[in-house]
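Participant: Handing you this structure, nothing more for now.
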Amino acid sequence: MSRTYPTDPWCTDKAVWHVAWVLAPRGHFSLLCETHMAATAERYDYVDRHPVEIACNMPSFAWALRSGRPSSCVTVASDQVHQERPQ
Ligand SMILES: [Zn+2]
Ligand SMILES: [Zn+2]
């Protein structure tokens, strides 16, 4: 497991939520289990979230906003990814 946000707790539970802290210009995302999603939602503001899908675990995912429907992740070519690199 890795954590993508400094305040993320280490967790080995199954991630069920994909959370977006920042969408643009560089996204900042976390994969959270149900327990941590609930705890996180009380303390932090997130921009968007959706249930974890296969694309969420891909190294080159992109957050896709769809009007009127929940967001989702799509895989993209690596040169289109605007993810923050791990420090
Ligand atoms: Zn957790
Ligand atoms: Zn996702």
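Order determines the names: the first chain of the structure tokens is A, the second B, and so forth; residues in each chain are numbered 1 upward, and ligands are numbered 1 upward as they are shown.
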I'd like the neighbourhood of stretch 51-66 of chain A as a list of chain:residue names, where a residue qualifies if any of its atoms comes within 6 Å (using only C-alpha atoms), though same-chain residues fewer than 4 positions away should be ignored.
Facilitator: A:Val16, A:Trp17, A:His18, A:Ser71, A:Ser72, A:Cys73, A:Val74, A:Thr75, A:Val76, A:Ser78
Participant: Now that the selection is made, can you save its residues with N, CA and C atoms as a PDB file, in the first residue's frame?
Facilitator:
ATOM      1  N   VAL A  16     -12.480   1.201  -1.329  1.00  0.00           N
ATOM      2  CA  VAL A  16     -13.756   1.192  -2.033  1.00  0.00           C
ATOM      3  C   VAL A  16     -14.111   2.566  -2.596  1.00  0.00           C
ATOM      4  N   TRP A  17     -13.391   3.591  -2.132  1.00  0.00           N
ATOM      5  CA  TRP A  17     -13.669   4.944  -2.634  1.00  0.00           C
ATOM      6  C   TRP A  17     -12.410   5.541  -3.252  1.00  0.00           C
ATOM      7  N   HIS A  18     -12.598   6.182  -4.368  1.00  0.00           N
ATOM      8  CA  HIS A  18     -11.521   6.932  -5.002  1.00  0.00           C
ATOM      9  C   HIS A  18     -11.857   8.403  -4.814  1.00  0.00           C
ATOM     10  N   SER A  71     -18.541  10.762 -11.347  1.00  0.00           N
ATOM     11  CA  SER A  71     -17.279  10.738 -12.074  1.00  0.00           C
ATOM     12  C   SER A  71     -16.791   9.306 -12.189  1.00  0.00           C
ATOM     13  N   SER A  72     -15.776   9.101 -12.994  1.00  0.00           N
ATOM     14  CA  SER A  72     -15.178   7.789 -13.116  1.00  0.00           C
ATOM     15  C   SER A  72     -13.746   7.975 -13.573  1.00  0.00           C
ATOM     16  N   CYS A  73     -13.011   6.895 -13.575  1.00  0.00           N
ATOM     17  CA  CYS A  73     -11.639   6.972 -14.052  1.00  0.00           C
ATOM     18  C   CYS A  73     -11.516   6.300 -15.405  1.00  0.00           C
ATOM     19  N   VAL A  74     -10.663   6.866 -16.219  1.00  0.00           N
ATOM     20  CA  VAL A  74     -10.350   6.274 -17.505  1.00  0.00           C
ATOM     21  C   VAL A  74      -8.833   6.170 -17.602  1.00  0.00           C
ATOM     22  N   THR A  75      -8.365   5.188 -18.320  1.00  0.00           N
ATOM     23  CA  THR A  75      -6.926   5.082 -18.511  1.00  0.00           C
ATOM     24  C   THR A  75      -6.530   5.924 -19.713  1.00  0.00           C
ATOM     25  N   VAL A  76      -5.377   6.533 -19.604  1.00  0.00           N
ATOM     26  CA  VAL A  76      -4.902   7.422 -20.665  1.00  0.00           C
ATOM     27  C   VAL A  76      -3.444   7.110 -20.949  1.00  0.00           C
ATOM     28  N   SER A  78       0.430   7.751 -21.018  1.00  0.00           N
ATOM     29  CA  SER A  78       1.198   8.321 -19.914  1.00  0.00           C
ATOM     30  C   SER A  78       1.534   9.791 -20.128  1.00  0.00           C
TER      31      SER A  78
END
Participant: Run DSSP on the backbone and give me the residues of stretch 16-81 of chain A it puts in helix (DSSP H, G or I), as an MDAnalysis selection string.
Facilitator: chainID A and resid 34:43 54:57 78:80
Participant: Could you write those residues out with all heavy atoms, as a compact mmCIF listing (two decimals), in the first residue's frame?
Facilitator:
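The resulting file, part.txt, is shown below:
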# COMPACT_ATOMS: atom_id res chain seq x y z
N GLU A 34 -13.92 2.03 3.30
CA GLU A 34 -15.17 2.61 3.80
C GLU A 34 -14.95 3.36 5.11
O GLU A 34 -15.45 4.46 5.32
CB GLU A 34 -16.21 1.50 3.99
CG GLU A 34 -17.63 2.01 4.16
CD GLU A 34 -18.17 2.64 2.89
OE1 GLU A 34 -18.29 1.92 1.88
OE2 GLU A 34 -18.48 3.83 2.91
N THR A 35 -14.18 2.75 6.01
CA THR A 35 -13.95 3.35 7.32
C THR A 35 -13.22 4.68 7.19
O THR A 35 -13.61 5.68 7.79
CB THR A 35 -13.11 2.40 8.19
OG1 THR A 35 -13.79 1.15 8.27
CG2 THR A 35 -12.92 2.99 9.58
N HIS A 36 -12.16 4.69 6.40
CA HIS A 36 -11.39 5.91 6.26
C HIS A 36 -12.10 6.96 5.42
O HIS A 36 -11.87 8.15 5.59
CB HIS A 36 -10.01 5.59 5.70
CG HIS A 36 -9.08 5.06 6.75
ND1 HIS A 36 -8.51 3.82 6.69
CD2 HIS A 36 -8.66 5.62 7.90
CE1 HIS A 36 -7.77 3.63 7.78
NE2 HIS A 36 -7.85 4.70 8.53
N MET A 37 -12.94 6.52 4.53
CA MET A 37 -13.74 7.48 3.78
C MET A 37 -14.62 8.26 4.74
O MET A 37 -14.71 9.49 4.67
CB MET A 37 -14.60 6.75 2.74
CG MET A 37 -15.46 7.69 1.89
SD MET A 37 -14.51 8.66 0.69
CE MET A 37 -14.60 10.31 1.43
N ALA A 38 -15.25 7.56 5.65
CA ALA A 38 -16.14 8.21 6.60
C ALA A 38 -15.36 9.15 7.51
O ALA A 38 -15.77 10.28 7.77
CB ALA A 38 -16.87 7.16 7.44
N ALA A 39 -14.20 8.70 7.98
CA ALA A 39 -13.39 9.53 8.86
C ALA A 39 -12.83 10.74 8.12
O ALA A 39 -12.77 11.85 8.66
CB ALA A 39 -12.24 8.71 9.44
N THR A 40 -12.43 10.51 6.89
CA THR A 40 -11.85 11.59 6.10
C THR A 40 -12.89 12.65 5.76
O THR A 40 -12.62 13.85 5.81
CB THR A 40 -11.26 11.02 4.80
OG1 THR A 40 -10.22 10.12 5.13
CG2 THR A 40 -10.70 12.13 3.93
N ALA A 41 -14.09 12.21 5.46
CA ALA A 41 -15.14 13.14 5.07
C ALA A 41 -15.49 14.10 6.20
O ALA A 41 -15.96 15.20 5.96
CB ALA A 41 -16.38 12.38 4.62
N GLU A 42 -15.26 13.66 7.43
CA GLU A 42 -15.55 14.53 8.56
C GLU A 42 -14.50 15.62 8.73
O GLU A 42 -14.77 16.68 9.27
CB GLU A 42 -15.60 13.70 9.86
CG GLU A 42 -16.79 12.77 9.94
CD GLU A 42 -16.77 11.98 11.23
OE1 GLU A 42 -15.84 12.18 12.04
OE2 GLU A 42 -17.68 11.15 11.41
N ARG A 43 -13.29 15.32 8.30
CA ARG A 43 -12.18 16.24 8.58
C ARG A 43 -11.71 17.04 7.38
O ARG A 43 -11.18 18.12 7.53
CB ARG A 43 -10.99 15.45 9.14
CG ARG A 43 -11.12 15.14 10.61
CD ARG A 43 -9.91 14.36 11.07
NE ARG A 43 -9.95 12.98 10.57
CZ ARG A 43 -8.93 12.15 10.62
NH1 ARG A 43 -7.78 12.56 11.11
NH2 ARG A 43 -9.04 10.92 10.18
N ILE A 54 -11.71 -0.58 -11.83
CA ILE A 54 -10.44 -1.14 -12.28
C ILE A 54 -9.50 -0.03 -12.73
O ILE A 54 -8.31 -0.03 -12.40
CB ILE A 54 -10.68 -2.14 -13.44
CG1 ILE A 54 -11.42 -3.37 -12.90
CG2 ILE A 54 -9.36 -2.54 -14.09
CD1 ILE A 54 -11.87 -4.34 -13.97
N ALA A 55 -10.02 0.94 -13.44
CA ALA A 55 -9.16 2.00 -13.97
C ALA A 55 -8.53 2.83 -12.86
O ALA A 55 -7.46 3.42 -13.06
CB ALA A 55 -9.98 2.91 -14.89
N CYS A 56 -9.16 2.86 -11.69
CA CYS A 56 -8.62 3.66 -10.58
C CYS A 56 -7.26 3.14 -10.14
O CYS A 56 -6.46 3.87 -9.57
CB CYS A 56 -9.57 3.63 -9.39
SG CYS A 56 -11.19 4.32 -9.73
N ASN A 57 -7.00 1.87 -10.34
CA ASN A 57 -5.75 1.26 -9.91
C ASN A 57 -4.70 1.22 -11.01
O ASN A 57 -3.62 0.70 -10.81
CB ASN A 57 -6.01 -0.15 -9.39
CG ASN A 57 -6.77 -0.13 -8.07
OD1 ASN A 57 -6.30 0.44 -7.10
ND2 ASN A 57 -7.94 -0.73 -8.05
N SER A 78 0.43 7.75 -21.02
CA SER A 78 1.20 8.32 -19.91
C SER A 78 1.53 9.79 -20.13
O SER A 78 1.67 10.54 -19.17
CB SER A 78 2.48 7.52 -19.69
OG SER A 78 3.23 7.51 -20.89
N ASP A 79 1.65 10.23 -21.35
CA ASP A 79 2.02 11.63 -21.56
C ASP A 79 0.84 12.58 -21.34
O ASP A 79 0.98 13.78 -21.41
CB ASP A 79 2.61 11.84 -22.96
CG ASP A 79 1.62 11.49 -24.06
OD1 ASP A 79 0.55 10.96 -23.74
OD2 ASP A 79 1.93 11.74 -25.24
N GLN A 80 -0.32 12.00 -21.06
CA GLN A 80 -1.48 12.84 -20.79
C GLN A 80 -1.81 12.89 -19.30
O GLN A 80 -2.72 13.58 -18.88
CB GLN A 80 -2.70 12.31 -21.54
CG GLN A 80 -2.57 12.42 -23.04
CD GLN A 80 -3.80 11.88 -23.74
OE1 GLN A 80 -4.18 10.73 -23.54
NE2 GLN A 80 -4.44 12.69 -24.55
Participant: Just give me the gap between atom CA of A:Asp45 and atom CA of A:Phe29 in Å, one decimal is fine.
Facilitator: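 Spanning atom CA of A:Asp45 to atom CA of A:Phe29 is a straight-line distance of 12.3 Å.
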Participant: Can you tell me which residues sit at most 9 Å away from ligand 1, counting only C-alpha atoms and all ligand atoms, written as a PyMOL selection string?
Facilitator: chain A and resi 8-15+31-37
Participant: Go ahead and write the selection's residues with C-alpha atoms as a compact mmCIF listing (two decimals), in the first residue's frame.
Facilitator:
# COMPACT_ATOMS: atom_id res chain seq x y z
CA ASP A 8 -3.62 9.51 4.71
CA PRO A 9 -3.58 6.84 7.38
CA TRP A 10 -1.86 3.62 6.49
CA CYS A 11 -4.51 1.08 5.83
CA THR A 12 -4.73 -2.44 4.48
CA ASP A 13 -8.48 -2.61 4.13
CA LYS A 14 -9.95 -2.91 0.70
CA ALA A 15 -10.23 0.49 -0.95
CA LEU A 31 -7.93 5.34 -2.51
CA LEU A 32 -9.81 4.87 0.75
CA CYS A 33 -11.66 2.07 2.48
CA GLU A 34 -15.17 2.61 3.80
CA THR A 35 -13.95 3.35 7.32
CA HIS A 36 -11.39 5.91 6.26
CA MET A 37 -13.74 7.48 3.78
Participant: Could you tell me which of A:Arg26, A:Ala20, A:Ser67, A:Tyr44 comes closest to ligand 2 if we count only C-alpha atoms and all ligand atoms?
Facilitator: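 Among A:Arg26, A:Ala20, A:Ser67, A:Tyr44, it is A:Ala20 that comes nearest to ligand 2.
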Participant: Give me the residues near A:Pro70 as a PyMOL selection string, where near means some atom within 9 Å (using only C-alpha atoms) and where sequence neighbours in that chain fewer than 6 positions away do not count.
Facilitator: chain A and resi 48-50
